>>> print(open('my_file_7.cif').read())   # mmCIF, C-alpha atoms and all ligand atoms
data_structure
loop_
_atom_site.group_PDB
_atom_site.id
_atom_site.type_symbol
_atom_site.label_atom_id
_atom_site.label_comp_id
_atom_site.auth_asym_id
_atom_site.auth_seq_id
_atom_site.Cartn_x
_atom_site.Cartn_y
_atom_site.Cartn_z
ATOM 1 C CA MET A 865 3.200 8.571 -27.857
ATOM 2 C CA SER A 866 2.436 11.686 -25.870
ATOM 3 C CA GLU A 867 1.152 10.213 -22.604
ATOM 4 C CA SER A 868 3.328 10.266 -19.513
ATOM 5 C CA LEU A 869 4.487 7.047 -17.867
ATOM 6 C CA GLN A 870 2.269 7.895 -14.914
ATOM 7 C CA ALA A 871 -0.790 8.237 -17.161
ATOM 8 C CA LEU A 872 0.007 4.985 -18.976
ATOM 9 C CA LEU A 873 0.394 3.060 -15.722
ATOM 10 C CA HIS A 874 -2.748 4.619 -14.314
ATOM 11 C CA ALA A 875 -4.648 3.431 -17.364
ATOM 12 C CA ARG A 876 -3.180 -0.054 -16.924
ATOM 13 C CA PHE A 877 -3.450 -0.533 -13.150
ATOM 14 C CA GLY A 878 -5.938 2.080 -11.943
ATOM 15 C CA GLU A 879 -3.354 3.518 -9.561
ATOM 16 C CA THR A 880 -1.518 6.834 -9.559
ATOM 17 C CA LEU A 881 2.063 5.822 -8.967
ATOM 18 C CA ASP A 882 4.791 7.989 -7.551
ATOM 19 C CA ILE A 883 7.361 7.714 -10.355
ATOM 20 C CA PRO A 884 10.949 8.940 -9.977
ATOM 21 C CA ASP A 885 12.017 11.433 -12.669
ATOM 22 C CA ASP A 886 14.609 9.220 -14.338
ATOM 23 C CA LEU A 887 12.110 6.431 -14.889
ATOM 24 C CA ALA A 888 9.409 8.872 -15.994
ATOM 25 C CA ALA A 889 11.822 10.262 -18.602
ATOM 26 C CA SER A 890 12.748 6.844 -19.992
ATOM 27 C CA PRO A 891 11.396 6.182 -23.512
ATOM 28 C CA VAL A 892 12.052 2.478 -22.905
ATOM 29 C CA ALA A 893 9.785 2.410 -19.845
ATOM 30 C CA ARG A 894 7.059 4.349 -21.629
ATOM 31 C CA SER A 895 7.186 2.100 -24.658
ATOM 32 C CA ILE A 896 6.932 -1.049 -22.501
ATOM 33 C CA ALA A 897 4.141 0.450 -20.366
ATOM 34 C CA ASN A 898 2.241 1.313 -23.549
ATOM 35 C CA HIS A 899 2.322 -2.313 -24.734
ATOM 36 C CA ARG A 900 -0.684 -3.634 -26.583
ATOM 37 C CA THR A 901 -1.148 -6.819 -28.584
ATOM 38 C CA ILE A 902 -2.279 -5.938 -32.117
ATOM 39 C CA ARG A 903 -3.691 -8.501 -34.535
ATOM 40 C CA HIS A 904 -4.149 -6.465 -37.735
ATOM 41 C CA TYR A 905 -1.219 -5.348 -39.857
ATOM 42 C CA ARG A 906 -0.559 -2.967 -42.722
ATOM 43 C CA ASP A 907 0.278 -4.569 -46.035
ATOM 44 C CA GLN A 908 3.934 -3.705 -45.652
ATOM 45 C CA PRO A 909 6.777 -6.192 -45.267
ATOM 46 C CA VAL A 910 9.151 -6.453 -42.331
ATOM 47 C CA SER A 911 12.562 -6.990 -43.869
ATOM 48 C CA PRO A 912 14.489 -10.191 -43.060
ATOM 49 C CA ALA A 913 17.381 -7.993 -41.894
ATOM 50 C CA LEU A 914 15.126 -6.250 -39.366
ATOM 51 C CA VAL A 915 13.714 -9.559 -38.129
ATOM 52 C CA ARG A 916 17.227 -10.946 -37.702
ATOM 53 C CA ALA A 917 18.395 -7.846 -35.853
ATOM 54 C CA LEU A 918 15.383 -8.042 -33.522
ATOM 55 C CA CYS A 919 16.220 -11.708 -32.864
ATOM 56 C CA ALA A 920 19.722 -10.640 -31.854
ATOM 57 C CA VAL A 921 18.364 -7.956 -29.525
ATOM 58 C CA ALA A 922 15.904 -10.423 -27.973
ATOM 59 C CA LEU A 923 18.552 -13.123 -27.524
ATOM 60 C CA SER A 924 20.613 -10.590 -25.566
ATOM 61 C CA ALA A 925 18.157 -11.139 -22.680
ATOM 62 C CA PRO A 926 19.362 -12.923 -19.554
ATOM 63 C CA SER A 927 19.526 -16.719 -19.729
ATOM 64 C CA LYS A 928 19.290 -19.259 -16.916
ATOM 65 C CA SER A 929 22.860 -20.353 -16.006
ATOM 66 C CA ASP A 930 23.918 -18.856 -19.359
ATOM 67 C CA LEU A 931 22.629 -22.076 -20.927
ATOM 68 C CA GLN A 932 21.025 -20.132 -23.838
ATOM 69 C CA GLN A 933 18.152 -22.565 -24.327
ATOM 70 C CA CYS A 934 15.835 -20.493 -26.519
ATOM 71 C CA ASP A 935 15.807 -20.800 -30.313
ATOM 72 C CA ILE A 936 13.770 -18.618 -32.657
ATOM 73 C CA MET A 937 12.373 -20.173 -35.822
ATOM 74 C CA VAL A 938 11.835 -17.505 -38.498
ATOM 75 C CA VAL A 939 9.219 -18.962 -40.827
ATOM 76 C CA GLN A 940 9.770 -17.482 -44.294
ATOM 77 C CA ASP A 941 8.768 -20.287 -46.645
ATOM 78 C CA PRO A 942 5.182 -19.597 -47.864
ATOM 79 C CA ASP A 943 4.309 -23.285 -47.866
ATOM 80 C CA GLN A 944 5.457 -23.714 -44.253
ATOM 81 C CA ARG A 945 3.590 -20.522 -43.275
ATOM 82 C CA ALA A 946 0.435 -21.914 -44.879
ATOM 83 C CA ARG A 947 0.808 -25.263 -43.114
ATOM 84 C CA LEU A 948 1.174 -23.547 -39.740
ATOM 85 C CA ALA A 949 -1.697 -21.146 -40.458
ATOM 86 C CA ALA A 950 -3.944 -24.110 -41.304
ATOM 87 C CA LEU A 951 -3.409 -25.332 -37.735
ATOM 88 C CA LEU A 952 -4.622 -21.964 -36.377
ATOM 89 C CA PRO A 953 -8.137 -21.364 -37.742
ATOM 90 C CA ASP A 954 -9.099 -19.303 -34.664
ATOM 91 C CA ASN A 955 -6.077 -17.034 -35.138
ATOM 92 C CA PRO A 956 -6.421 -15.767 -38.741
ATOM 93 C CA TRP A 957 -3.877 -13.020 -37.996
ATOM 94 C CA ALA A 958 -1.181 -15.736 -38.046
ATOM 95 C CA ALA A 959 -1.789 -16.215 -41.791
ATOM 96 C CA LYS A 960 -1.863 -12.492 -42.533
ATOM 97 C CA ALA A 961 1.032 -11.156 -40.450
ATOM 98 C CA PRO A 962 3.945 -9.952 -42.611
ATOM 99 C CA ALA A 963 6.336 -12.048 -40.508
ATOM 100 C CA PHE A 964 5.859 -15.104 -38.321
ATOM 101 C CA LEU A 965 8.256 -16.612 -35.823
ATOM 102 C CA VAL A 966 8.143 -19.493 -33.361
ATOM 103 C CA PHE A 967 9.977 -19.244 -30.055
ATOM 104 C CA CYS A 968 11.198 -22.646 -28.898
ATOM 105 C CA GLY A 969 12.700 -24.145 -25.794
ATOM 106 C CA ASP A 970 15.860 -26.008 -26.821
ATOM 107 C CA ASN A 971 17.320 -28.555 -24.426
ATOM 108 C CA ALA A 972 18.824 -30.624 -27.270
ATOM 109 C CA ARG A 973 21.891 -28.384 -27.541
ATOM 110 C CA HIS A 974 22.649 -28.757 -23.834
ATOM 111 C CA ARG A 975 22.452 -32.534 -24.123
ATOM 112 C CA ARG A 976 24.723 -32.453 -27.162
ATOM 113 C CA ILE A 977 27.282 -30.488 -25.155
ATOM 114 C CA HIS A 978 27.272 -33.240 -22.521
ATOM 115 C CA ASP A 979 27.942 -35.785 -25.265
ATOM 116 C CA LEU A 980 30.674 -33.650 -26.816
ATOM 117 C CA ARG A 981 32.415 -33.049 -23.490
ATOM 118 C CA GLY A 982 31.870 -36.593 -22.234
ATOM 119 C CA HIS A 983 30.096 -35.722 -18.985
ATOM 120 C CA ALA A 984 26.891 -37.445 -17.897
ATOM 121 C CA LEU A 985 23.810 -35.223 -17.570
ATOM 122 C CA VAL A 986 22.591 -36.237 -14.131
ATOM 123 C CA ASN A 987 19.991 -33.441 -13.805
ATOM 124 C CA ASP A 988 17.598 -34.964 -16.289
ATOM 125 C CA HIS A 989 14.391 -33.936 -14.507
ATOM 126 C CA LEU A 990 11.738 -31.216 -14.645
ATOM 127 C CA ASP A 991 14.375 -28.470 -14.777
ATOM 128 C CA ALA A 992 15.523 -29.691 -18.204
ATOM 129 C CA PHE A 993 12.085 -28.731 -19.528
ATOM 130 C CA PHE A 994 11.396 -25.754 -17.284
ATOM 131 C CA ASN A 995 14.586 -23.747 -17.894
ATOM 132 C CA PRO A 996 14.239 -23.560 -21.706
ATOM 133 C CA ALA A 997 10.566 -22.571 -21.306
ATOM 134 C CA VAL A 998 11.531 -19.706 -18.994
ATOM 135 C CA ASP A 999 14.324 -18.598 -21.345
ATOM 136 C CA ALA A 1000 11.922 -18.683 -24.308
ATOM 137 C CA GLY A 1001 9.385 -16.582 -22.407
ATOM 138 C CA ILE A 1002 12.012 -13.982 -21.542
ATOM 139 C CA VAL A 1003 13.279 -13.848 -25.132
ATOM 140 C CA LEU A 1004 9.707 -13.549 -26.427
ATOM 141 C CA GLY A 1005 8.969 -10.632 -24.098
ATOM 142 C CA THR A 1006 12.223 -8.911 -24.973
ATOM 143 C CA PHE A 1007 11.525 -9.329 -28.685
ATOM 144 C CA ILE A 1008 8.086 -7.767 -28.250
ATOM 145 C CA ALA A 1009 9.498 -4.829 -26.280
ATOM 146 C CA ALA A 1010 12.191 -4.191 -28.909
ATOM 147 C CA ALA A 1011 9.720 -4.454 -31.789
ATOM 148 C CA GLU A 1012 7.218 -2.101 -30.165
ATOM 149 C CA ALA A 1013 9.985 0.411 -29.423
ATOM 150 C CA ILE A 1014 10.290 1.062 -33.170
ATOM 151 C CA GLY A 1015 6.567 1.053 -33.950
ATOM 152 C CA LEU A 1016 6.119 -2.589 -34.926
ATOM 153 C CA CYS A 1017 3.392 -4.638 -33.296
ATOM 154 C CA THR A 1018 2.986 -8.288 -32.390
ATOM 155 C CA CYS A 1019 0.640 -11.021 -31.301
ATOM 156 C CA PRO A 1020 2.036 -14.082 -29.514
ATOM 157 C CA ILE A 1021 0.364 -17.353 -30.489
ATOM 158 C CA SER A 1022 0.231 -20.085 -27.861
ATOM 159 C CA ALA A 1023 -2.395 -21.792 -30.024
ATOM 160 C CA ILE A 1024 0.477 -23.458 -31.902
ATOM 161 C CA ARG A 1025 0.719 -25.726 -28.881
ATOM 162 C CA ASN A 1026 -2.734 -27.092 -29.736
ATOM 163 C CA HIS A 1027 -1.015 -29.121 -32.451
ATOM 164 C CA PRO A 1028 2.578 -29.500 -31.241
ATOM 165 C CA GLU A 1029 3.366 -32.667 -33.199
ATOM 166 C CA GLN A 1030 2.395 -31.036 -36.499
ATOM 167 C CA VAL A 1031 4.281 -27.831 -35.631
ATOM 168 C CA ALA A 1032 7.370 -29.872 -34.756
ATOM 169 C CA GLU A 1033 7.052 -31.706 -38.050
ATOM 170 C CA VAL A 1034 6.643 -28.528 -40.152
ATOM 171 C CA LEU A 1035 9.613 -26.878 -38.436
ATOM 172 C CA GLY A 1036 11.780 -30.011 -38.277
ATOM 173 C CA LEU A 1037 12.201 -29.721 -34.499
ATOM 174 C CA PRO A 1038 14.334 -32.505 -33.034
ATOM 175 C CA VAL A 1039 13.617 -34.339 -29.780
ATOM 176 C CA HIS A 1040 14.118 -32.075 -26.726
ATOM 177 C CA VAL A 1041 13.104 -28.968 -28.718
ATOM 178 C CA TYR A 1042 9.526 -27.720 -28.377
ATOM 179 C CA PRO A 1043 7.445 -24.713 -29.416
ATOM 180 C CA VAL A 1044 6.583 -22.252 -26.631
ATOM 181 C CA ALA A 1045 4.759 -19.604 -28.678
ATOM 182 C CA GLY A 1046 4.430 -18.301 -32.196
ATOM 183 C CA LEU A 1047 4.670 -14.569 -32.849
ATOM 184 C CA CYS A 1048 2.933 -12.476 -35.506
ATOM 185 C CA LEU A 1049 4.988 -9.413 -36.404
ATOM 186 C CA GLY A 1050 4.057 -6.438 -38.541
ATOM 187 C CA TRP A 1051 3.335 -2.731 -38.798
ATOM 188 C CA PRO A 1052 0.076 -1.887 -36.998
ATOM 189 C CA ALA A 1053 -3.091 -1.247 -39.003
ATOM 190 C CA HIS A 1054 -4.516 0.635 -35.985
ATOM 191 C CA ASN A 1055 -3.347 1.907 -32.605
ATOM 192 C CA GLY A 1056 -4.783 -0.982 -30.639
ATOM 193 C CA ALA A 1057 -6.149 -0.591 -27.140
ATOM 194 C CA MET A 1058 -4.530 -0.944 -23.766
ATOM 195 C CA SER A 1059 -5.582 -3.999 -21.809
ATOM 196 C CA PRO A 1060 -5.843 -3.127 -18.092
ATOM 197 C CA ARG A 1061 -4.174 -5.442 -15.592
ATOM 198 C CA LEU A 1062 -5.045 -6.596 -12.101
ATOM 199 C CA GLY A 1063 -4.269 -3.961 -9.491
ATOM 200 C CA LEU A 1064 -0.779 -4.046 -8.037
ATOM 201 C CA THR A 1065 -2.215 -4.915 -4.609
ATOM 202 C CA ALA A 1066 -3.057 -8.322 -6.104
ATOM 203 C CA THR A 1067 0.221 -8.942 -7.924
ATOM 204 C CA VAL A 1068 2.959 -7.126 -5.996
ATOM 205 C CA HIS A 1069 3.584 -8.421 -2.476
ATOM 206 C CA VAL A 1070 5.949 -6.982 0.076
ATOM 207 C CA ASP A 1071 7.844 -9.493 2.214
ATOM 208 C CA ARG A 1072 5.042 -12.022 2.541
ATOM 209 C CA TYR A 1073 2.428 -13.303 0.114
ATOM 210 C CA ASN A 1074 -0.999 -11.894 0.868
ATOM 211 C CA GLY A 1075 -4.053 -13.317 -0.862
ATOM 212 C CA THR A 1076 -6.585 -12.302 1.778
ATOM 213 C CA ASP A 1077 -8.257 -9.562 -0.244
ATOM 214 C CA LEU A 1078 -8.290 -11.402 -3.550
ATOM 215 C CA PRO A 1079 -12.087 -11.594 -4.021
ATOM 216 C CA ALA A 1080 -12.403 -7.804 -3.596
ATOM 217 C CA GLN A 1081 -9.336 -7.205 -5.798
ATOM 218 C CA ILE A 1082 -10.856 -9.333 -8.560
ATOM 219 C CA ASP A 1083 -14.197 -7.504 -8.284
ATOM 220 C CA GLU A 1084 -12.368 -4.168 -8.535
ATOM 221 C CA TYR A 1085 -10.504 -5.362 -11.621
ATOM 222 C CA ASP A 1086 -13.586 -6.801 -13.321
ATOM 223 C CA THR A 1087 -15.383 -3.487 -12.821
ATOM 224 C CA ARG A 1088 -12.445 -1.290 -13.896
ATOM 225 C CA ARG A 1089 -11.672 -3.423 -16.917
ATOM 226 C CA ASN A 1090 -15.292 -3.454 -18.083
ATOM 227 C CA LEU A 1091 -15.206 0.366 -18.251
ATOM 228 C CA THR A 1092 -12.672 0.365 -21.098
ATOM 229 C CA ARG A 1093 -12.435 -3.258 -22.297
ATOM 230 C CA PRO A 1094 -15.800 -4.984 -21.898
ATOM 231 C CA TYR A 1095 -15.854 -8.428 -23.461
ATOM 232 C CA ARG A 1096 -17.492 -8.288 -26.870
ATOM 233 C CA GLU A 1097 -18.257 -12.007 -26.776
ATOM 234 C CA ARG A 1098 -19.284 -14.244 -23.910
ATOM 235 C CA ARG A 1099 -18.069 -17.853 -23.785
ATOM 236 C CA ASP A 1100 -20.698 -20.564 -23.974
ATOM 237 C CA ASP A 1101 -23.732 -18.870 -22.417
ATOM 238 C CA ALA A 1102 -25.715 -22.014 -23.214
ATOM 239 C CA ARG A 1103 -23.631 -23.909 -20.676
ATOM 240 C CA PHE A 1104 -22.861 -21.230 -18.105
ATOM 241 C CA GLY A 1105 -25.880 -18.912 -18.266
ATOM 242 C CA ALA A 1106 -26.643 -15.789 -20.305
ATOM 243 C CA ASP A 1107 -27.872 -13.832 -17.295
ATOM 244 C CA LYS A 1108 -24.605 -13.927 -15.322
ATOM 245 C CA PRO A 1109 -22.593 -10.686 -15.129
ATOM 246 C CA TYR A 1110 -19.568 -11.008 -17.400
ATOM 247 C CA GLY A 1111 -16.038 -9.777 -16.824
ATOM 248 C CA TRP A 1112 -12.437 -10.981 -16.787
ATOM 249 C CA SER A 1113 -12.843 -13.474 -13.946
ATOM 250 C CA GLU A 1114 -15.984 -15.012 -15.454
ATOM 251 C CA ASP A 1115 -14.269 -15.220 -18.848
ATOM 252 C CA LYS A 1116 -11.155 -16.923 -17.450
ATOM 253 C CA ALA A 1117 -13.158 -19.336 -15.304
ATOM 254 C CA ARG A 1118 -15.274 -20.264 -18.335
ATOM 255 C CA GLN A 1119 -12.190 -20.584 -20.555
ATOM 256 C CA TYR A 1120 -10.564 -23.116 -18.280
ATOM 257 C CA ALA A 1121 -13.802 -24.990 -17.599
ATOM 258 C CA ALA A 1122 -13.566 -26.362 -21.140
ATOM 259 C CA PRO A 1123 -10.936 -28.939 -22.169
ATOM 260 C CA GLU A 1124 -7.993 -27.383 -23.968
ATOM 261 C CA ARG A 1125 -4.561 -28.578 -25.077
ATOM 262 C CA GLN A 1126 -4.882 -31.900 -23.335
ATOM 263 C CA GLY A 1127 -2.242 -33.534 -25.529
ATOM 264 C CA TRP A 1128 0.495 -31.072 -24.521
ATOM 265 C CA GLY A 1129 1.866 -33.121 -21.611
ATOM 266 C CA ARG A 1130 1.929 -36.236 -23.777
ATOM 267 C CA PHE A 1131 3.837 -34.319 -26.472
ATOM 268 C CA VAL A 1132 6.393 -32.972 -23.980
ATOM 269 C CA LYS A 1133 7.056 -36.466 -22.616
ATOM 270 C CA ALA A 1134 7.328 -37.825 -26.169
ATOM 271 C CA ARG A 1135 9.946 -35.118 -26.837
ATOM 272 C CA GLY A 1136 12.104 -36.967 -24.323
ATOM 273 C CA PHE A 1137 11.533 -34.931 -21.159
ATOM 274 C CA LYS A 1138 11.238 -36.509 -17.733
ATOM 275 C CA LEU A 1139 8.998 -34.254 -15.719
ATOM 276 C CA ASP A 1140 9.554 -35.572 -12.199
HETATM 277 C C1 LIG B 1201 2.571 -16.593 -24.270
HETATM 278 C C2 LIG B 1201 1.387 -15.876 -24.898
HETATM 279 C C3 LIG B 1201 0.565 -16.573 -25.733
HETATM 280 C C4 LIG B 1201 -0.506 -15.918 -26.370
HETATM 281 N N1 LIG B 1201 -1.272 -16.622 -27.266
HETATM 282 C C5 LIG B 1201 -2.222 -15.974 -27.974
HETATM 283 C C6 LIG B 1201 -2.927 -16.668 -29.005
HETATM 284 O O1 LIG B 1201 -2.756 -17.866 -29.241
HETATM 285 N N2 LIG B 1201 -3.804 -15.942 -29.759
HETATM 286 C C7 LIG B 1201 -4.034 -14.605 -29.545
HETATM 287 O O2 LIG B 1201 -4.826 -14.002 -30.282
HETATM 288 N N3 LIG B 1201 -3.388 -13.938 -28.537
HETATM 289 C C8 LIG B 1201 -2.487 -14.574 -27.763
HETATM 290 N N4 LIG B 1201 -1.784 -13.912 -26.792
HETATM 291 C C9 LIG B 1201 -2.069 -12.497 -26.546
HETATM 292 C C10 LIG B 1201 -2.847 -12.312 -25.238
HETATM 293 O O3 LIG B 1201 -4.199 -12.627 -25.479
HETATM 294 C C11 LIG B 1201 -2.690 -10.841 -24.779
HETATM 295 O O4 LIG B 1201 -1.346 -10.634 -24.422
HETATM 296 C C12 LIG B 1201 -3.589 -10.575 -23.571
HETATM 297 O O5 LIG B 1201 -4.948 -10.596 -23.954
HETATM 298 C C13 LIG B 1201 -3.296 -9.215 -22.929
HETATM 299 O O6 LIG B 1201 -3.427 -8.183 -23.895
HETATM 300 P P1 LIG B 1201 -2.208 -7.194 -24.191
HETATM 301 O O7 LIG B 1201 -1.025 -8.029 -24.611
HETATM 302 O O8 LIG B 1201 -2.696 -6.269 -25.271
HETATM 303 O O9 LIG B 1201 -1.921 -6.450 -22.912
HETATM 304 C C14 LIG B 1201 -0.764 -14.546 -26.111
HETATM 305 C C15 LIG B 1201 0.078 -13.859 -25.225
HETATM 306 C C16 LIG B 1201 1.143 -14.516 -24.633
HETATM 307 C C17 LIG B 1201 2.062 -13.740 -23.708
#
>>> encode(input="my_file_7.cif", output="structure tokens", more="lines below")
Ligand SMILES: Cc1cc2nc3c(=O)[nH]c(=O)nc-3n(C[C@H](O)[C@H](O)[C@H](O)COP(=O)(O)O)c2cc1C
Amino acid sequence: MSESLQALLHARFGETLDIPDDLAASPVARSIANHRTIRHYRDQPVSPALVRALCAVALSAPSKSDLQQCDIMVVQDPDQRARLAALLPDNPWAAKAPAFLVFCGDNARHRRIHDLRGHALVNDHLDAFFNPAVDAGIVLGTFIAAAEAIGLCTCPISAIRNHPEQVAEVLGLPVHVYPVAGLCLGWPAHNGAMSPRLGLTATVHVDRYNGTDLPAQIDEYDTRRNLTRPYRERRDDARFGADKPYGWSEDKARQYAAPERQGWGRFVKARGFKLD
């Protein structure tokens, strides 16, 4: 990668940032700033040793109260891979990726520790679900950063939560363990493309939250993003209108105007979590 950190962040956020020399010189920062999800992979395996080492790097990430409530399922068995892939018809890259993992929130271990040490778990409320989910998200992001640093590429798969009961059954997940996201892992078949983000004026606040300029910030982002990443497909023009201008905000509003993953809350409660 030859581009400077400043150029990468300009491409991402549309802003020329004043970047201190030590950060500008960091290969870690440049690799993370150059992130791109890639869904097509070379026909080249990722060795189990490399996957395991990446898991160790990722699980070195910080953990809420040091509770260590993320588990990574490495799915190697071809039959299990096929059963998971069958649940993901809209994500064919999940079947083709050389390696596939599932990042899980694990609150079962914590409960077991309470049993083993003979102390009642009195904080059996929303936090018991929330903390493992946050840990799993951090571990997932760290895994992606580590993988991309050595030229691998990934695609997270939240679509596994469309069928959580089946995923739990295939992976043998006990009560109080739940899938957060799958992850395709492989060597990239192409360079991918950078996906611009909302401007920092929308997402970085100093001292006090400020949402006053949001409509203008969204318009700016829709316009900037359409210059390099116009949507190739529009969602459900029959319902929402083919003549409407289309950009990120229209796509997201259309996406969440259609029912999706409505059994997720039921699944989480059935896993034994109290969400109050
Ligand atoms: C938690 C999570 C779940 C995701 N789930 C899916 C998915 O199910 N299928 C998919 O193709 N991409 C999925 N993605 C990838 C996002 O679509 C992608 O990150 C987003 O479009 C931004 O693009 P970028 O990662 O290249 O910057 C997911 C990403 C995250 C972080």
>>> residues_around(input="my_file_7.cif", residues="Ala1009 (chain A)", least_positions_apart="6", cutoff="8 Å", atoms="only C-alpha atoms", output="VMD selection string")
chain A and resid 895 to 896 899
>>> closest_atom_pairs(input="my_file_7.cif", of="region 978-1085 of chain A", to="region 935-952 of chain A", cutoff="8 Å", atoms="all atoms listed in the file", output="tab-separated table")
residue	atom	partner	partner_atom	distance
A:Ala1000	CA	A:Asp935	CA	7.5
A:Ala1023	CA	A:Leu952	CA	6.7
A:Ile1024	CA	A:Leu952	CA	6.9
A:His1027	CA	A:Leu951	CA	6.9
A:Val1031	CA	A:Leu948	CA	6.7
A:Val1034	CA	A:Gln944	CA	6.4
A:Leu1035	CA	A:Met937	CA	7.7
>>> closest_atom_pairs(input="my_file_7.cif", of="chain A", to="ligand LIG 1201 (chain B)", cutoff="8 Å", atoms="only C-alpha atoms and all ligand atoms", output="tab-separated table")
residue	atom	partner	partner_atom	distance
A:His899	CA	B:LIG1201	O9	6.2
A:Arg900	CA	B:LIG1201	O8	3.6
A:Thr901	CA	B:LIG1201	O8	3.7
A:Ile902	CA	B:LIG1201	O8	6.9
A:Arg903	CA	B:LIG1201	O2	7.0
A:Asp954	CA	B:LIG1201	N2	8.0
A:Asn955	CA	B:LIG1201	O2	5.9
A:Trp957	CA	B:LIG1201	O2	7.8
A:Gly1001	CA	B:LIG1201	C1	7.1
A:Gly1005	CA	B:LIG1201	C17	7.6
A:Cys1019	CA	B:LIG1201	C9	5.7
A:Pro1020	CA	B:LIG1201	C14	4.4
A:Ile1021	CA	B:LIG1201	O1	3.4
A:Ser1022	CA	B:LIG1201	N1	3.8
A:Ala1023	CA	B:LIG1201	O1	4.0
A:Ile1024	CA	B:LIG1201	O1	7.0
A:Val1044	CA	B:LIG1201	C1	7.3
A:Ala1045	CA	B:LIG1201	C1	5.8
A:Gly1046	CA	B:LIG1201	N1	7.7
A:Gly1056	CA	B:LIG1201	O8	7.8
A:Ala1057	CA	B:LIG1201	O8	6.9
A:Met1058	CA	B:LIG1201	O8	5.8
A:Ser1059	CA	B:LIG1201	O9	4.5
A:Pro1060	CA	B:LIG1201	O9	7.0
A:Arg1061	CA	B:LIG1201	O9	7.7
>>> axis_aligned_box(input="my_file_7.cif", around="region 883-896 of chain A", padding_each_side="4 Å", output="AutoDock Vina command-line options")
--center_x 10.8 --center_y 5.2 --center_z -17.3 --size_x 15.7 --size_y 20.5 --size_z 22.7
>>> residues_around(input="my_file_7.cif", residues="Ala972 (chain A)", least_positions_apart="5", cutoff="7 Å", atoms="only C-alpha atoms", output="list in words")
Val1039, His1040 and Val1041 of chain A
>>> atom_distance(input="my_file_7.cif", atom1="CA of Phe994 (chain A)", atom2="CA of Cys1048 (chain A)")
24.1 Å
>>> resolve_selection(input="my_file_7.cif", expression="the PyMOL selection byres (((chain A and resi 1089) around 9) and not hetatm)", output="list in words")
Ser1059, Pro1060, Arg1061, Leu1062, Glu1084, Tyr1085, Asp1086, Thr1087, Arg1088, Asn1090, Leu1091, Thr1092, Arg1093, Pro1094, Gly1111 and Trp1112 of chain A
>>> closest_residue(input="my_file_7.cif", among="A:Pro1043, A:Asn971, A:Pro884, A:Asn1055", to="His989 (chain A)", atoms="only C-alpha atoms")
A:Asn971
>>> resolve_selection(input="my_file_7.cif", expression="the PyMOL selection byres (((chain A and resi 1002) around 12) and not hetatm)", output="ChimeraX atom specification")
/A:921-928,932-935,967-969,995-1001,1003-1009,1044-1045
>>> resolve_selection(input="my_file_7.cif", expression="the PyMOL selection byres (((chain A and resi 867) around 12) and not hetatm)", output="count of residues only")
18
>>> closest_residue(input="my_file_7.cif", among="A:Ala992, A:Cys1017, A:Ala1106, A:Ala1080", to="Tyr1042 (chain A)", atoms="all atoms listed in the file")
A:Ala992
>>> closest_residue(input="my_file_7.cif", among="A:Arg1118, A:Leu1139, A:Val915, A:Ala1013", to="Val892 (chain A)", atoms="only C-alpha atoms")
A:Ala1013
>>> atom_distance(input="my_file_7.cif", atom1="CA of Glu1124 (chain A)", atom2="CA of Pro953 (chain A)")
15.0 Å
>>> atom_distance(input="my_file_7.cif", atom1="CA of Tyr1095 (chain A)", atom2="CA of Ala1117 (chain A)")
13.9 Å
>>> closest_residue(input="my_file_7.cif", among="A:Gly1105, A:Gly1063, A:Pro1079, A:Gly1129", to="Glu879 (chain A)", atoms="all atoms listed in the file")
A:Gly1063
>>> residues_near_point(input="my_file_7.cif", point="(2.1, 3.3, -34.0)", cutoff="8 Å", atoms="only C-alpha atoms", output="PyMOL selection string")
chain A and resi 1015-1016+1051-1052+1054-1055
>>> write_last_selection(input="my_file_7.cif", atoms="C-alpha atoms", output="short mmCIF file (atom, residue, chain, number, x, y, z; two decimals), in the frame of the given file")
data_model
loop_
_atom_site.label_atom_id
_atom_site.label_comp_id
_atom_site.auth_asym_id
_atom_site.auth_seq_id
_atom_site.Cartn_x
_atom_site.Cartn_y
_atom_site.Cartn_z
CA GLY A 1015 6.57 1.05 -33.95
CA LEU A 1016 6.12 -2.59 -34.93
CA TRP A 1051 3.34 -2.73 -38.80
CA PRO A 1052 0.08 -1.89 -37.00
CA HIS A 1054 -4.52 0.64 -35.98
CA ASN A 1055 -3.35 1.91 -32.60
#
